[in-house]
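Data block below; observations after.
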Amino acid sequence: VENYGKDNWDEAYSIQQTKEGDYIVAGYTCSFGLGNADVYVLKIDKNGKLSWQKNYGKEHDEKVYSIWQTADGGYIATAYTDSFGAGTHDVYVIKMDANGNSGPYPFENK
């Protein structure tokens, strides 16, 4: 049994096994990042060892509910955001490479 996160609320809502046999986990964190809750994505190997972790968001809430591996070996996550968009609870889609980097998109990757 492994634990991930820190001293505040950290919750996972989605886990998928990758084509390499590892696991990609997504949810939200209040321990890392800029806002109340930020998207939290971590990759763990088949033994539970943390490969990497990333958070995405700004000053308000962002929470992810689903994540999938894409054909290019990266990941795509669906979430909501209160920091970006026209108002509250806007759709937030994050495309990441195999290492969790978000690339040239209109949001920050910490």
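By convention here, the chains of the structure tokens are called A, B, ... in the order presented, each chain's residues are numbered starting at 1, and ligands are numbered starting at 1 in the order presented.
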Nearby residues (only C-alpha atoms) at most 7 Å from Ile15 of chain A, same-chain spacing under 4 positions excluded, as a ChimeraX atom specification: /A:23-26
Could you save those same residues with N, CA and C atoms as a compact mmCIF listing (two decimals), in the first residue's frame?
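out.txt, freshly written:
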```
# COMPACT_ATOMS: atom_id res chain seq x y z
N TYR A 23 0.57 2.81 -14.27
CA TYR A 23 -0.75 3.37 -14.00
C TYR A 23 -0.69 4.89 -14.02
N ILE A 24 -1.72 5.50 -14.60
CA ILE A 24 -1.87 6.94 -14.60
C ILE A 24 -3.09 7.24 -13.72
N VAL A 25 -2.91 8.14 -12.77
CA VAL A 25 -3.92 8.45 -11.76
C VAL A 25 -4.22 9.94 -11.85
N ALA A 26 -5.49 10.31 -11.73
CA ALA A 26 -5.87 11.72 -11.80
C ALA A 26 -6.95 12.04 -10.79
```
Who sits within 8 Å of Val91 of chain A, only C-alpha atoms, same chain under 3 positions skipped, as a ChimeraX atom specification: /A:78-81
Just the selected residues (C-alpha atoms), exported as an mmCIF file, in the first residue's frame, please.
```
data_model
loop_
_atom_site.group_PDB
_atom_site.id
_atom_site.type_symbol
_atom_site.label_atom_id
_atom_site.label_comp_id
_atom_site.auth_asym_id
_atom_site.auth_seq_id
_atom_site.Cartn_x
_atom_site.Cartn_y
_atom_site.Cartn_z
ATOM 1 C CA THR A 78 -11.186 16.020 -18.609
ATOM 2 C CA ALA A 79 -11.868 18.333 -15.724
ATOM 3 C CA TYR A 80 -13.612 21.509 -14.690
ATOM 4 C CA THR A 81 -12.050 24.878 -13.987
#
```
Atom-to-atom span, atom CA of Lys43 of chain A and atom CA of Trp9 of chain A, Å: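 These two atoms are separated by 18.6 Å.
Interatomic distance, atom CA of Asp22 of chain A against atom CA of Asp38 of chain A: 23.1 Å.
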Closest of A:Glu59, A:Asp72, A:Asp82, A:Asp45 to Ala98 of chain A - atom-to-atom distances counting only C-alpha atoms: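 Using only C-alpha atoms, the shortest distance to Ala98 of chain A belongs to A:Asp72.
Non-sequential neighbours of Ser83 of chain A (distance at most 10 Å, separation of 4 or more positions within a chain, only C-alpha atoms) are Gly35, Asp38, Gly57, Lys58, Glu59, His60, Asp61, Glu62, Gly87, Thr88, His89, Asp90, Tyr92 and Phe107 of chain A.
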For all heavy atoms, I'd like the residues from the last selection saved as a tab-separated table (two decimals), in the first residue's frame.
```tsv
chain	number	residue	atom	x	y	z
A	35	GLY	N	-4.06	27.11	-6.33
A	35	GLY	CA	-5.43	27.40	-5.92
A	35	GLY	C	-5.90	26.56	-4.76
A	35	GLY	O	-5.12	25.87	-4.10
A	38	ASP	N	-6.27	21.99	-7.27
A	38	ASP	CA	-5.70	21.94	-8.62
A	38	ASP	C	-5.75	20.50	-9.13
A	38	ASP	O	-5.73	19.55	-8.34
A	38	ASP	CB	-4.24	22.41	-8.63
A	38	ASP	CG	-4.10	23.92	-8.49
A	38	ASP	OD1	-5.09	24.63	-8.75
A	38	ASP	OD2	-3.02	24.38	-8.13
A	57	GLY	N	-3.40	24.20	-12.85
A	57	GLY	CA	-4.45	25.08	-12.37
A	57	GLY	C	-3.91	26.45	-12.02
A	57	GLY	O	-2.74	26.75	-12.23
A	58	LYS	N	-4.80	27.26	-11.49
A	58	LYS	CA	-4.45	28.62	-11.07
A	58	LYS	C	-5.08	28.91	-9.73
A	58	LYS	O	-5.15	28.03	-8.87
A	58	LYS	CB	-4.87	29.61	-12.14
A	58	LYS	CG	-3.73	29.97	-13.06
A	58	LYS	CD	-4.02	31.22	-13.84
A	58	LYS	CE	-2.69	31.85	-14.17
A	58	LYS	NZ	-2.79	32.96	-15.03
A	59	GLU	N	-5.59	30.13	-9.55
A	59	GLU	CA	-6.00	30.58	-8.22
A	59	GLU	C	-7.31	29.99	-7.71
A	59	GLU	O	-7.57	30.02	-6.51
A	59	GLU	CB	-6.07	32.12	-8.17
A	59	GLU	CG	-7.17	32.72	-9.01
A	59	GLU	CD	-6.78	32.95	-10.47
A	59	GLU	OE1	-5.65	32.62	-10.86
A	59	GLU	OE2	-7.63	33.44	-11.23
A	60	HIS	N	-8.15	29.45	-8.58
A	60	HIS	CA	-9.42	28.88	-8.15
A	60	HIS	C	-9.39	27.36	-8.29
A	60	HIS	O	-8.34	26.78	-8.50
A	60	HIS	CB	-10.57	29.50	-8.94
A	60	HIS	CG	-10.65	30.99	-8.78
A	60	HIS	ND1	-10.93	31.60	-7.58
A	60	HIS	CD2	-10.45	31.99	-9.66
A	60	HIS	CE1	-10.92	32.91	-7.73
A	60	HIS	NE2	-10.62	33.17	-8.99
A	61	ASP	N	-10.54	26.72	-8.21
A	61	ASP	CA	-10.60	25.26	-8.23
A	61	ASP	C	-10.51	24.68	-9.63
A	61	ASP	O	-11.12	25.19	-10.57
A	61	ASP	CB	-11.91	24.77	-7.61
A	61	ASP	CG	-11.94	24.96	-6.11
A	61	ASP	OD1	-10.88	25.19	-5.50
A	61	ASP	OD2	-13.04	24.85	-5.54
A	62	GLU	N	-9.77	23.59	-9.73
A	62	GLU	CA	-9.73	22.73	-10.91
A	62	GLU	C	-9.73	21.29	-10.40
A	62	GLU	O	-8.93	20.95	-9.53
A	62	GLU	CB	-8.47	22.96	-11.77
A	62	GLU	CG	-8.51	24.19	-12.63
A	62	GLU	CD	-8.28	25.48	-11.87
A	62	GLU	OE1	-7.42	25.53	-10.98
A	62	GLU	OE2	-9.00	26.45	-12.16
A	87	GLY	N	-16.66	31.53	-16.94
A	87	GLY	CA	-17.30	31.63	-15.63
A	87	GLY	C	-16.83	30.52	-14.73
A	87	GLY	O	-15.68	30.11	-14.79
A	88	THR	N	-17.74	30.02	-13.92
A	88	THR	CA	-17.38	28.94	-13.01
A	88	THR	C	-17.73	27.59	-13.62
A	88	THR	O	-18.64	27.48	-14.43
A	88	THR	CB	-18.10	29.09	-11.66
A	88	THR	OG1	-19.50	29.09	-11.89
A	88	THR	CG2	-17.70	30.38	-10.97
A	89	HIS	N	-16.98	26.61	-13.22
A	89	HIS	CA	-17.17	25.23	-13.66
A	89	HIS	C	-17.21	25.09	-15.19
A	89	HIS	O	-18.11	24.47	-15.74
A	89	HIS	CB	-18.42	24.62	-13.03
A	89	HIS	CG	-18.20	24.17	-11.63
A	89	HIS	ND1	-18.02	25.05	-10.59
A	89	HIS	CD2	-18.10	22.94	-11.10
A	89	HIS	CE1	-17.85	24.37	-9.47
A	89	HIS	NE2	-17.87	23.09	-9.75
A	90	ASP	N	-16.23	25.68	-15.86
A	90	ASP	CA	-16.09	25.50	-17.29
A	90	ASP	C	-15.34	24.20	-17.57
A	90	ASP	O	-14.57	23.71	-16.73
A	90	ASP	CB	-15.31	26.66	-17.91
A	90	ASP	CG	-16.13	27.94	-17.93
A	90	ASP	OD1	-17.35	27.86	-18.15
A	90	ASP	OD2	-15.55	29.01	-17.72
A	92	TYR	N	-12.55	21.81	-18.83
A	92	TYR	CA	-11.09	21.96	-18.85
A	92	TYR	C	-10.51	20.66	-19.37
A	92	TYR	O	-10.68	19.60	-18.77
A	92	TYR	CB	-10.65	22.23	-17.41
A	92	TYR	CG	-9.21	22.62	-17.16
A	92	TYR	CD1	-8.48	23.39	-18.04
A	92	TYR	CD2	-8.61	22.25	-15.97
A	92	TYR	CE1	-7.18	23.77	-17.75
A	92	TYR	CE2	-7.31	22.63	-15.67
A	92	TYR	CZ	-6.61	23.39	-16.56
A	92	TYR	OH	-5.31	23.77	-16.26
A	107	PHE	N	-2.76	27.07	-20.29
A	107	PHE	CA	-2.77	26.90	-18.84
A	107	PHE	C	-1.38	26.55	-18.38
A	107	PHE	O	-0.52	26.20	-19.17
A	107	PHE	CB	-3.78	25.83	-18.40
A	107	PHE	CG	-3.80	24.61	-19.27
A	107	PHE	CD1	-2.84	23.62	-19.14
A	107	PHE	CD2	-4.78	24.46	-20.24
A	107	PHE	CE1	-2.86	22.49	-19.93
A	107	PHE	CE2	-4.79	23.33	-21.05
A	107	PHE	CZ	-3.85	22.35	-20.89
```
Selection near Ile94 of chain A, 12 Å with only C-alpha atoms, sequence-local residues under 6 positions removed, as a ChimeraX atom specification: /A:26,39-41,54-57,62-70,74-81,100-109
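Distances from A:Asn99, A:Gly85, A:Ala71, A:Gln53 to Lys19 of chain A were compared using only C-alpha atoms, and the smallest one belongs to A:Ala71.
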